[in-house]
Amino acid sequence: MILEVKELKKYYPIERGFLKTGAGFVRAVDGVSFSLAEKETLGIVGESGCGKTTLAKLLLKLIAATSGEIIFSSKLSHLRKDAAIVFQDPLLSLDPRMNLRDILLEPFQAVGLKTDGLNINRLLELVGLSNALLARLPRQLSGGERQRACIARALALSPKLLILDEPLSSLDLIIQKQILELLLKLKEEFGMAYIFISHNIAVVKKISTRMLVMFQGKIVEQGATDEIFSHPRSGYTKKLLEAVR
Ligand SMILES: Nc1ncnc2c1ncn2[C@@H]1O[C@H](COP(=O)(O)OP(=O)(O)O)[C@@H](O)[C@H]1O
Ligand SMILES: [Mg+2]
């Protein structure tokens, strides 16, 4: 096990009126428990607003939990180095003023590591980008190139865990297929664990061996992907499956 999550909760306060008095909470993640094995690909599926991104941010400690526990094995002891995330919208996750070279240098600098052209060229090669693009700003790249840049940046420090939060959702269909193939190839080459998040259960099936189904902040079903596809137990999972059949 590289990660174990116990009864994790994130409640966002709802603020109303100019006095900003509390008017209750959004239970974005509401008592989630699961574990992740080394080198495993875990899919997380559920409709928009069910808490997937909140869960991903909690795991990487980008936001604080309301309660619950996240236990990391020694393999993930240095979270900034050992885990990385790729978000849905590459344009929002890249600094518009940084060119591709600076984007790829940043993770090394963030942990005080020196790097050189070799590391950068290796990252470009891994994700299939030409080094002729190094001087470009994010807006001067195509959507697919931008997502490849985000993946390269995430790979920079050789993470043991890569969280992919709807990595295909901003891309058109042909590019989605290419990026999915790239992710499968990288997984085979490096064997890091993936947490692959999507609202699309058909996409999750293509990449994950085990999956969680989330609904309104809770896990309504979890198990082997094949088993869930052949024998879904929760009514909500059945609905998701009907939508793609
Ligand atoms: N920073 C925030 N403040 C308040 N509510 C939030 C915040 N972020 C997300 N939410 C709410 O939490 C719920 C889960 O959101 P999110 O984790 O983004 O879901 P998903 O990624 O599955 O679409 C939604 O109801 C959303 O409106
Ligand atoms: Mg989301």
# chains A, B, ... in the order shown; residues from 1 in each chain; ligands from 1
call {"tool": "residues_near_ligand", "arguments": {"ligand": "ligand 1", "cutoff": "7 Å", "atoms": "only C-alpha atoms and all ligand atoms", "output": "ChimeraX atom specification"}}
result
/A:12-14,26-28,46-55
call {"tool": "write_last_selection", "arguments": {"atoms": "N, CA and C atoms", "output": "PDB file, in the first residue's frame"}}
result
ATOM      1  N   TYR A  12     -17.191  22.467   2.748  1.00  0.00           N
ATOM      2  CA  TYR A  12     -16.947  23.884   2.468  1.00  0.00           C
ATOM      3  C   TYR A  12     -18.071  24.698   3.110  1.00  0.00           C
ATOM      4  N   PRO A  13     -17.709  25.754   3.844  1.00  0.00           N
ATOM      5  CA  PRO A  13     -18.788  26.585   4.416  1.00  0.00           C
ATOM      6  C   PRO A  13     -19.521  27.336   3.308  1.00  0.00           C
ATOM      7  N   ILE A  14     -20.826  27.449   3.431  1.00  0.00           N
ATOM      8  CA  ILE A  14     -21.601  28.283   2.506  1.00  0.00           C
ATOM      9  C   ILE A  14     -21.776  29.628   3.186  1.00  0.00           C
ATOM     10  N   VAL A  26     -21.264  22.652   2.225  1.00  0.00           N
ATOM     11  CA  VAL A  26     -21.305  21.735   1.085  1.00  0.00           C
ATOM     12  C   VAL A  26     -20.447  20.541   1.478  1.00  0.00           C
ATOM     13  N   ARG A  27     -21.043  19.365   1.514  1.00  0.00           N
ATOM     14  CA  ARG A  27     -20.273  18.170   1.888  1.00  0.00           C
ATOM     15  C   ARG A  27     -19.615  17.598   0.642  1.00  0.00           C
ATOM     16  N   ALA A  28     -18.520  18.233   0.225  1.00  0.00           N
ATOM     17  CA  ALA A  28     -17.896  17.896  -1.064  1.00  0.00           C
ATOM     18  C   ALA A  28     -17.294  16.492  -1.036  1.00  0.00           C
ATOM     19  N   GLY A  46     -17.570   9.653 -11.446  1.00  0.00           N
ATOM     20  CA  GLY A  46     -18.768  10.243 -10.849  1.00  0.00           C
ATOM     21  C   GLY A  46     -19.085  11.518 -11.593  1.00  0.00           C
ATOM     22  N   GLU A  47     -20.349  11.969 -11.481  1.00  0.00           N
ATOM     23  CA  GLU A  47     -20.747  13.136 -12.271  1.00  0.00           C
ATOM     24  C   GLU A  47     -20.113  14.408 -11.718  1.00  0.00           C
ATOM     25  N   SER A  48     -20.167  15.443 -12.526  1.00  0.00           N
ATOM     26  CA  SER A  48     -19.631  16.744 -12.155  1.00  0.00           C
ATOM     27  C   SER A  48     -20.214  17.194 -10.814  1.00  0.00           C
ATOM     28  N   GLY A  49     -19.366  17.679  -9.927  1.00  0.00           N
ATOM     29  CA  GLY A  49     -19.826  18.176  -8.634  1.00  0.00           C
ATOM     30  C   GLY A  49     -19.874  17.134  -7.534  1.00  0.00           C
ATOM     31  N   CYS A  50     -19.475  15.889  -7.829  1.00  0.00           N
ATOM     32  CA  CYS A  50     -19.577  14.836  -6.808  1.00  0.00           C
ATOM     33  C   CYS A  50     -18.387  14.842  -5.838  1.00  0.00           C
ATOM     34  N   GLY A  51     -17.378  15.677  -6.103  1.00  0.00           N
ATOM     35  CA  GLY A  51     -16.280  15.804  -5.139  1.00  0.00           C
ATOM     36  C   GLY A  51     -14.943  15.256  -5.607  1.00  0.00           C
ATOM     37  N   LYS A  52     -14.817  14.940  -6.888  1.00  0.00           N
ATOM     38  CA  LYS A  52     -13.587  14.296  -7.382  1.00  0.00           C
ATOM     39  C   LYS A  52     -12.358  15.209  -7.257  1.00  0.00           C
ATOM     40  N   THR A  53     -12.506  16.453  -7.713  1.00  0.00           N
ATOM     41  CA  THR A  53     -11.357  17.372  -7.666  1.00  0.00           C
ATOM     42  C   THR A  53     -10.999  17.706  -6.220  1.00  0.00           C
ATOM     43  N   THR A  54     -12.020  17.865  -5.392  1.00  0.00           N
ATOM     44  CA  THR A  54     -11.761  18.123  -3.967  1.00  0.00           C
ATOM     45  C   THR A  54     -10.958  16.963  -3.374  1.00  0.00           C
ATOM     46  N   LEU A  55     -11.346  15.746  -3.692  1.00  0.00           N
ATOM     47  CA  LEU A  55     -10.622  14.572  -3.187  1.00  0.00           C
ATOM     48  C   LEU A  55      -9.167  14.590  -3.667  1.00  0.00           C
TER      49      LEU A  55
END
call {"tool": "closest_atom_pairs", "arguments": {"of": "segment 122-146 of chain A", "to": "segment 150-155 of chain A", "cutoff": "9 Å", "atoms": "only C-alpha atoms", "output": "JSON lines"}}
result
{"residue": "A:Leu123", "atom": "CA", "partner": "A:Ala152", "partner_atom": "CA", "distance": 5.5}
{"residue": "A:Leu124", "atom": "CA", "partner": "A:Ala152", "partner_atom": "CA", "distance": 6.7}
{"residue": "A:Leu126", "atom": "CA", "partner": "A:Ala152", "partner_atom": "CA", "distance": 7.4}
{"residue": "A:Val127", "atom": "CA", "partner": "A:Ala152", "partner_atom": "CA", "distance": 6.1}
{"residue": "A:Glu145", "atom": "CA", "partner": "A:Cys150", "partner_atom": "CA", "distance": 8.7}
{"residue": "A:Arg146", "atom": "CA", "partner": "A:Cys150", "partner_atom": "CA", "distance": 6.4}
call {"tool": "write_last_selection", "arguments": {"atoms": "C-alpha atoms", "output": "PDB file, in the first residue's frame"}}
result
ATOM      1  CA  LEU A 123      10.902  15.152 -20.670  1.00  0.00           C
ATOM      2  CA  LEU A 124       9.990  16.512 -24.100  1.00  0.00           C
ATOM      3  CA  LEU A 126       8.759  11.256 -23.182  1.00  0.00           C
ATOM      4  CA  VAL A 127       5.618  13.211 -23.985  1.00  0.00           C
ATOM      5  CA  GLU A 145       0.556  20.252 -26.731  1.00  0.00           C
ATOM      6  CA  ARG A 146      -0.433  22.120 -23.582  1.00  0.00           C
TER       7      ARG A 146
END
call {"tool": "residues_around", "arguments": {"residues": "Ala84 of chain A", "least_positions_apart": "4", "cutoff": "9 Å", "atoms": "only C-alpha atoms", "output": "PDB file with N, CA and C atoms, in the first residue's frame"}}
result
ATOM      1  N   LEU A  60      -3.213  15.488  -2.209  1.00  0.00           N
ATOM      2  CA  LEU A  60      -1.904  16.135  -2.372  1.00  0.00           C
ATOM      3  C   LEU A  60      -1.687  17.271  -1.378  1.00  0.00           C
ATOM      4  N   LEU A  79       6.072  14.490  -0.451  1.00  0.00           N
ATOM      5  CA  LEU A  79       4.924  14.605  -1.346  1.00  0.00           C
ATOM      6  C   LEU A  79       5.198  15.462  -2.579  1.00  0.00           C
ATOM      7  N   ARG A  80       5.961  16.533  -2.416  1.00  0.00           N
ATOM      8  CA  ARG A  80       6.218  17.425  -3.563  1.00  0.00           C
ATOM      9  C   ARG A  80       6.997  16.739  -4.670  1.00  0.00           C
ATOM     10  N   ARG A 153       5.669  18.193 -17.119  1.00  0.00           N
ATOM     11  CA  ARG A 153       5.989  18.870 -15.855  1.00  0.00           C
ATOM     12  C   ARG A 153       5.723  17.939 -14.670  1.00  0.00           C
ATOM     13  N   ALA A 154       4.610  17.183 -14.747  1.00  0.00           N
ATOM     14  CA  ALA A 154       4.270  16.271 -13.661  1.00  0.00           C
ATOM     15  C   ALA A 154       5.286  15.133 -13.537  1.00  0.00           C
ATOM     16  N   LEU A 155       5.901  14.761 -14.667  1.00  0.00           N
ATOM     17  CA  LEU A 155       6.858  13.648 -14.642  1.00  0.00           C
ATOM     18  C   LEU A 155       8.258  14.071 -14.188  1.00  0.00           C
ATOM     19  N   LEU A 157       9.962  15.050 -11.686  1.00  0.00           N
ATOM     20  CA  LEU A 157      10.690  14.533 -10.519  1.00  0.00           C
ATOM     21  C   LEU A 157      10.444  13.042 -10.311  1.00  0.00           C
ATOM     22  N   PRO A 159       7.661  10.973 -10.212  1.00  0.00           N
ATOM     23  CA  PRO A 159       6.747  10.678  -9.103  1.00  0.00           C
ATOM     24  C   PRO A 159       6.390   9.192  -9.016  1.00  0.00           C
ATOM     25  N   LYS A 160       6.061   8.758  -7.803  1.00  0.00           N
ATOM     26  CA  LYS A 160       5.579   7.385  -7.600  1.00  0.00           C
ATOM     27  C   LYS A 160       4.071   7.327  -7.760  1.00  0.00           C
ATOM     28  N   LEU A 161       3.450   8.522  -7.658  1.00  0.00           N
ATOM     29  CA  LEU A 161       1.996   8.624  -7.820  1.00  0.00           C
ATOM     30  C   LEU A 161       1.674   9.799  -8.731  1.00  0.00           C
ATOM     31  N   LEU A 162       0.858   9.529  -9.742  1.00  0.00           N
ATOM     32  CA  LEU A 162       0.399  10.596 -10.625  1.00  0.00           C
ATOM     33  C   LEU A 162      -1.123  10.642 -10.546  1.00  0.00           C
ATOM     34  N   ILE A 163      -1.649  11.802 -10.160  1.00  0.00           N
ATOM     35  CA  ILE A 163      -3.096  11.983 -10.130  1.00  0.00           C
ATOM     36  C   ILE A 163      -3.504  12.710 -11.404  1.00  0.00           C
ATOM     37  N   LEU A 164      -4.443  12.138 -12.125  1.00  0.00           N
ATOM     38  CA  LEU A 164      -4.891  12.703 -13.394  1.00  0.00           C
ATOM     39  C   LEU A 164      -6.355  13.084 -13.231  1.00  0.00           C
TER      40      LEU A 164
END
call {"tool": "atom_distance", "arguments": {"atom1": "atom CA of Ala83 of chain A", "atom2": "atom CA of Glu38 of chain A"}}
result
12.3 Å
call {"tool": "closest_residue", "arguments": {"among": "A:Gln109, A:Ser35, A:Gln88, A:Ser208", "to": "ligand 2", "atoms": "only C-alpha atoms and all ligand atoms"}}
result
A:Gln88
call {"tool": "residues_around", "arguments": {"residues": "Phe25 of chain A", "least_positions_apart": "3", "cutoff": "12 Å", "atoms": "only C-alpha atoms", "output": "NGL selection string"}}
result
:A and (9-16 or 21-22 or 28-30 or 66)
call {"tool": "select_by_dssp", "arguments": {"residues": "segment 170-237 of chain A", "states": "strand (DSSP E)", "output": "PyMOL selection string"}}
result
chain A and resi 193-198+210-215+218-224
call {"tool": "write_last_selection", "arguments": {"atoms": "N, CA and C atoms", "output": "JSON list (two decimals), in the first residue's frame"}}
result
[["chain", "number", "residue", "atom", "x", "y", "z"],
["A", 193, "ALA", "N", 2.07, 4.63, -9.73],
["A", 193, "ALA", "CA", 0.63, 4.44, -9.52],
["A", 193, "ALA", "C", -0.11, 5.61, -10.15],
["A", 194, "TYR", "N", -1.29, 5.34, -10.68],
["A", 194, "TYR", "CA", -2.15, 6.40, -11.22],
["A", 194, "TYR", "C", -3.44, 6.45, -10.43],
["A", 195, "ILE", "N", -3.90, 7.66, -10.15],
["A", 195, "ILE", "CA", -5.30, 7.84, -9.79],
["A", 195, "ILE", "C", -5.91, 8.60, -10.95],
["A", 196, "PHE", "N", -6.79, 7.94, -11.68],
["A", 196, "PHE", "CA", -7.34, 8.51, -12.92],
["A", 196, "PHE", "C", -8.79, 8.90, -12.69],
["A", 197, "ILE", "N", -9.04, 10.20, -12.71],
["A", 197, "ILE", "CA", -10.37, 10.73, -12.39],
["A", 197, "ILE", "C", -11.10, 11.13, -13.66],
["A", 198, "SER", "N", -12.37, 10.72, -13.77],
["A", 198, "SER", "CA", -13.14, 11.11, -14.94],
["A", 198, "SER", "C", -14.63, 11.05, -14.63],
["A", 210, "ARG", "N", -8.89, -1.06, -10.97],
["A", 210, "ARG", "CA", -9.84, -1.00, -9.87],
["A", 210, "ARG", "C", -10.49, 0.38, -9.92],
["A", 211, "MET", "N", -11.70, 0.50, -9.45],
["A", 211, "MET", "CA", -12.32, 1.82, -9.49],
["A", 211, "MET", "C", -13.24, 2.11, -8.31],
["A", 212, "LEU", "N", -13.40, 3.41, -8.06],
["A", 212, "LEU", "CA", -14.35, 3.91, -7.07],
["A", 212, "LEU", "C", -15.43, 4.66, -7.81],
["A", 213, "VAL", "N", -16.67, 4.49, -7.41],
["A", 213, "VAL", "CA", -17.75, 5.29, -7.97],
["A", 213, "VAL", "C", -18.21, 6.26, -6.89],
["A", 214, "MET", "N", -18.18, 7.56, -7.21],
["A", 214, "MET", "CA", -18.56, 8.58, -6.22],
["A", 214, "MET", "C", -19.89, 9.21, -6.57],
["A", 215, "PHE", "N", -20.66, 9.51, -5.54],
["A", 215, "PHE", "CA", -21.92, 10.22, -5.72],
["A", 215, "PHE", "C", -22.12, 11.11, -4.50],
["A", 218, "LYS", "N", -19.70, 10.77, -1.56],
["A", 218, "LYS", "CA", -19.50, 9.45, -0.94],
["A", 218, "LYS", "C", -19.11, 8.42, -2.00],
["A", 219, "ILE", "N", -18.43, 7.36, -1.56],
["A", 219, "ILE", "CA", -18.16, 6.24, -2.47],
["A", 219, "ILE", "C", -19.36, 5.30, -2.40],
["A", 220, "VAL", "N", -20.02, 5.11, -3.55],
["A", 220, "VAL", "CA", -21.20, 4.23, -3.55],
["A", 220, "VAL", "C", -20.84, 2.82, -3.99],
["A", 221, "GLU", "N", -19.67, 2.67, -4.62],
["A", 221, "GLU", "CA", -19.26, 1.33, -5.03],
["A", 221, "GLU", "C", -17.75, 1.35, -5.28],
["A", 222, "GLN", "N", -17.05, 0.28, -4.89],
["A", 222, "GLN", "CA", -15.65, 0.16, -5.28],
["A", 222, "GLN", "C", -15.29, -1.30, -5.50],
["A", 223, "GLY", "N", -14.36, -1.53, -6.42],
["A", 223, "GLY", "CA", -13.96, -2.90, -6.70],
["A", 223, "GLY", "C", -13.18, -2.98, -8.00],
["A", 224, "ALA", "N", -12.96, -4.22, -8.46],
["A", 224, "ALA", "CA", -12.25, -4.42, -9.72],
["A", 224, "ALA", "C", -13.11, -3.86, -10.86]]
call {"tool": "closest_residue", "arguments": {"among": "A:Leu168, A:Leu137, A:Leu118, A:Val32", "to": "ligand 2", "atoms": "only C-alpha atoms and all ligand atoms"}}
result
A:Leu168
call {"tool": "select_by_dssp", "arguments": {"residues": "segment 101-234 of chain A", "states": "helix (DSSP H, G or I)", "output": "short mmCIF file (atom, residue, chain, number, x, y, z; two decimals) with N, CA and C atoms, in the first residue's frame"}}
result
data_model
loop_
_atom_site.label_atom_id
_atom_site.label_comp_id
_atom_site.auth_asym_id
_atom_site.auth_seq_id
_atom_site.Cartn_x
_atom_site.Cartn_y
_atom_site.Cartn_z
N ARG A 101 10.09 26.13 -21.70
CA ARG A 101 11.34 25.79 -21.01
C ARG A 101 11.22 26.07 -19.51
N ASP A 102 10.71 27.27 -19.17
CA ASP A 102 10.59 27.64 -17.76
C ASP A 102 9.57 26.77 -17.04
N ILE A 103 8.52 26.39 -17.76
CA ILE A 103 7.49 25.52 -17.16
C ILE A 103 8.12 24.18 -16.75
N LEU A 104 9.00 23.67 -17.60
CA LEU A 104 9.61 22.36 -17.32
C LEU A 104 10.74 22.46 -16.30
N LEU A 105 11.34 23.65 -16.18
CA LEU A 105 12.41 23.83 -15.19
C LEU A 105 11.84 24.01 -13.78
N GLU A 106 10.62 24.52 -13.72
CA GLU A 106 10.06 24.91 -12.42
C GLU A 106 10.04 23.80 -11.36
N PRO A 107 9.58 22.58 -11.68
CA PRO A 107 9.54 21.56 -10.64
C PRO A 107 10.91 21.27 -10.03
N PHE A 108 11.95 21.32 -10.84
CA PHE A 108 13.30 21.09 -10.32
C PHE A 108 13.69 22.21 -9.35
N GLN A 109 13.41 23.45 -9.78
CA GLN A 109 13.76 24.61 -8.95
C GLN A 109 12.98 24.61 -7.65
N ALA A 110 11.72 24.15 -7.74
CA ALA A 110 10.86 24.17 -6.54
C ALA A 110 11.41 23.31 -5.41
N GLY A 117 19.82 21.06 -19.89
CA GLY A 117 19.08 20.81 -21.12
C GLY A 117 18.73 19.34 -21.30
N LEU A 118 19.59 18.46 -20.78
CA LEU A 118 19.37 17.02 -20.95
C LEU A 118 18.05 16.58 -20.32
N ASN A 119 17.83 17.01 -19.07
CA ASN A 119 16.59 16.63 -18.39
C ASN A 119 15.38 17.14 -19.15
N ILE A 120 15.48 18.37 -19.62
CA ILE A 120 14.35 18.98 -20.33
C ILE A 120 14.10 18.22 -21.64
N ASN A 121 15.16 17.92 -22.36
CA ASN A 121 14.99 17.19 -23.62
C ASN A 121 14.39 15.81 -23.39
N ARG A 122 14.79 15.18 -22.31
CA ARG A 122 14.25 13.86 -21.98
C ARG A 122 12.74 13.96 -21.71
N LEU A 123 12.33 14.97 -20.96
CA LEU A 123 10.90 15.15 -20.67
C LEU A 123 10.11 15.39 -21.95
N LEU A 124 10.67 16.23 -22.83
CA LEU A 124 9.99 16.51 -24.10
C LEU A 124 9.81 15.23 -24.91
N GLU A 125 10.87 14.46 -24.93
CA GLU A 125 10.85 13.21 -25.70
C GLU A 125 9.78 12.26 -25.15
N LEU A 126 9.72 12.16 -23.81
CA LEU A 126 8.76 11.26 -23.18
C LEU A 126 7.33 11.56 -23.58
N VAL A 127 7.01 12.85 -23.70
CA VAL A 127 5.62 13.21 -23.98
C VAL A 127 5.41 13.54 -25.46
N ASN A 131 11.59 20.04 -29.26
CA ASN A 131 12.25 21.11 -28.49
C ASN A 131 12.22 22.45 -29.24
N ALA A 132 11.68 22.44 -30.45
CA ALA A 132 11.45 23.71 -31.15
C ALA A 132 10.35 24.54 -30.46
N LEU A 133 9.62 23.90 -29.53
CA LEU A 133 8.52 24.60 -28.86
C LEU A 133 8.95 25.29 -27.56
N PRO A 138 2.22 29.30 -23.20
CA PRO A 138 1.09 28.36 -23.27
C PRO A 138 0.07 28.71 -24.37
N ARG A 139 -0.25 30.00 -24.52
CA ARG A 139 -1.28 30.33 -25.52
C ARG A 139 -0.79 30.10 -26.95
N GLN A 140 0.51 29.90 -27.11
CA GLN A 140 1.05 29.63 -28.45
C GLN A 140 1.16 28.13 -28.74
N GLY A 143 -4.07 22.76 -27.74
CA GLY A 143 -4.60 22.14 -26.53
C GLY A 143 -3.88 20.85 -26.18
N GLY A 144 -3.63 20.02 -27.19
CA GLY A 144 -2.94 18.75 -26.95
C GLY A 144 -1.50 18.98 -26.50
N GLU A 145 -0.83 19.95 -27.13
CA GLU A 145 0.56 20.25 -26.73
C GLU A 145 0.61 20.78 -25.30
N ARG A 146 -0.39 21.59 -24.95
CA ARG A 146 -0.43 22.12 -23.58
C ARG A 146 -0.62 21.00 -22.57
N GLN A 147 -1.49 20.02 -22.88
CA GLN A 147 -1.69 18.94 -21.92
C GLN A 147 -0.44 18.06 -21.85
N ARG A 148 0.24 17.89 -22.99
CA ARG A 148 1.52 17.16 -22.96
C ARG A 148 2.53 17.89 -22.08
N ALA A 149 2.53 19.23 -22.15
CA ALA A 149 3.44 20.02 -21.31
C ALA A 149 3.13 19.80 -19.83
N CYS A 150 1.83 19.76 -19.49
CA CYS A 150 1.45 19.52 -18.09
C CYS A 150 1.89 18.13 -17.64
N ILE A 151 1.77 17.16 -18.53
CA ILE A 151 2.19 15.80 -18.17
C ILE A 151 3.70 15.75 -18.01
N ALA A 152 4.44 16.42 -18.90
CA ALA A 152 5.90 16.45 -18.78
C ALA A 152 6.31 17.08 -17.46
N ARG A 153 5.67 18.19 -17.12
CA ARG A 153 5.99 18.87 -15.85
C ARG A 153 5.72 17.94 -14.67
N ALA A 154 4.61 17.18 -14.75
CA ALA A 154 4.27 16.27 -13.66
C ALA A 154 5.29 15.13 -13.54
N LEU A 155 5.90 14.76 -14.67
CA LEU A 155 6.86 13.65 -14.64
C LEU A 155 8.26 14.07 -14.19
N LEU A 173 -11.76 14.75 -29.55
CA LEU A 173 -11.73 13.28 -29.46
C LEU A 173 -10.43 12.64 -29.92
N ILE A 174 -9.88 13.14 -31.04
CA ILE A 174 -8.66 12.51 -31.56
C ILE A 174 -7.50 12.74 -30.60
N ILE A 175 -7.43 13.95 -30.06
CA ILE A 175 -6.36 14.27 -29.11
C ILE A 175 -6.56 13.48 -27.81
N GLN A 176 -7.82 13.30 -27.40
CA GLN A 176 -8.10 12.48 -26.20
C GLN A 176 -7.49 11.10 -26.34
N LYS A 177 -7.67 10.51 -27.52
CA LYS A 177 -7.17 9.18 -27.77
C LYS A 177 -5.63 9.16 -27.68
N GLN A 178 -5.00 10.17 -28.27
CA GLN A 178 -3.53 10.25 -28.24
C GLN A 178 -3.01 10.41 -26.81
N ILE A 179 -3.67 11.25 -26.02
CA ILE A 179 -3.19 11.48 -24.65
C ILE A 179 -3.42 10.23 -23.79
N LEU A 180 -4.54 9.55 -24.01
CA LEU A 180 -4.80 8.31 -23.28
C LEU A 180 -3.71 7.27 -23.61
N GLU A 181 -3.36 7.18 -24.88
CA GLU A 181 -2.29 6.24 -25.28
C GLU A 181 -0.96 6.64 -24.65
N LEU A 182 -0.69 7.94 -24.61
CA LEU A 182 0.54 8.42 -23.97
C LEU A 182 0.57 8.02 -22.49
N LEU A 183 -0.56 8.19 -21.80
CA LEU A 183 -0.61 7.85 -20.38
C LEU A 183 -0.40 6.36 -20.15
N LEU A 184 -0.98 5.54 -21.04
CA LEU A 184 -0.79 4.09 -20.92
C LEU A 184 0.68 3.72 -21.15
N LYS A 185 1.30 4.38 -22.12
CA LYS A 185 2.71 4.10 -22.43
C LYS A 185 3.62 4.51 -21.25
N LEU A 186 3.36 5.68 -20.69
CA LEU A 186 4.20 6.16 -19.58
C LEU A 186 4.08 5.24 -18.37
N LYS A 187 2.84 4.79 -18.16
CA LYS A 187 2.58 3.88 -17.03
C LYS A 187 3.39 2.58 -17.21
N GLU A 188 3.39 2.09 -18.44
CA GLU A 188 4.12 0.85 -18.71
C GLU A 188 5.62 1.06 -18.51
N GLU A 189 6.10 2.22 -18.96
CA GLU A 189 7.53 2.49 -18.88
C GLU A 189 8.01 2.73 -17.45
N PHE A 190 7.23 3.46 -16.66
CA PHE A 190 7.71 3.86 -15.32
C PHE A 190 7.03 3.13 -14.18
N ILE A 201 -17.29 6.88 -17.40
CA ILE A 201 -16.97 5.54 -16.91
C ILE A 201 -16.31 4.69 -18.02
N ALA A 202 -16.62 4.99 -19.28
CA ALA A 202 -16.02 4.23 -20.39
C ALA A 202 -14.52 4.51 -20.48
N VAL A 203 -14.12 5.76 -20.24
CA VAL A 203 -12.70 6.12 -20.27
C VAL A 203 -11.97 5.47 -19.09
N VAL A 204 -12.61 5.48 -17.93
CA VAL A 204 -12.00 4.89 -16.73
C VAL A 204 -11.75 3.39 -16.95
N LYS A 205 -12.66 2.76 -17.68
CA LYS A 205 -12.50 1.33 -17.93
C LYS A 205 -11.24 1.04 -18.75
N LYS A 206 -10.93 1.95 -19.69
CA LYS A 206 -9.78 1.73 -20.57
C LYS A 206 -8.46 1.74 -19.83
N ILE A 207 -8.41 2.41 -18.70
CA ILE A 207 -7.11 2.59 -18.06
C ILE A 207 -6.99 1.96 -16.67
N THR A 225 -12.45 -3.16 -11.79
CA THR A 225 -13.18 -2.50 -12.88
C THR A 225 -14.02 -3.50 -13.67
N ASP A 226 -13.43 -4.65 -14.03
CA ASP A 226 -14.17 -5.65 -14.81
C ASP A 226 -15.40 -6.13 -14.06
N GLU A 227 -15.23 -6.35 -12.77
CA GLU A 227 -16.32 -6.85 -11.94
C GLU A 227 -17.46 -5.81 -11.87
N ILE A 228 -17.08 -4.55 -11.72
CA ILE A 228 -18.11 -3.50 -11.66
C ILE A 228 -18.85 -3.39 -12.99
N PHE A 229 -18.11 -3.57 -14.09
CA PHE A 229 -18.77 -3.50 -15.39
C PHE A 229 -19.71 -4.69 -15.62
N SER A 230 -19.29 -5.88 -15.16
CA SER A 230 -20.15 -7.03 -15.41
C SER A 230 -21.25 -7.17 -14.36
#
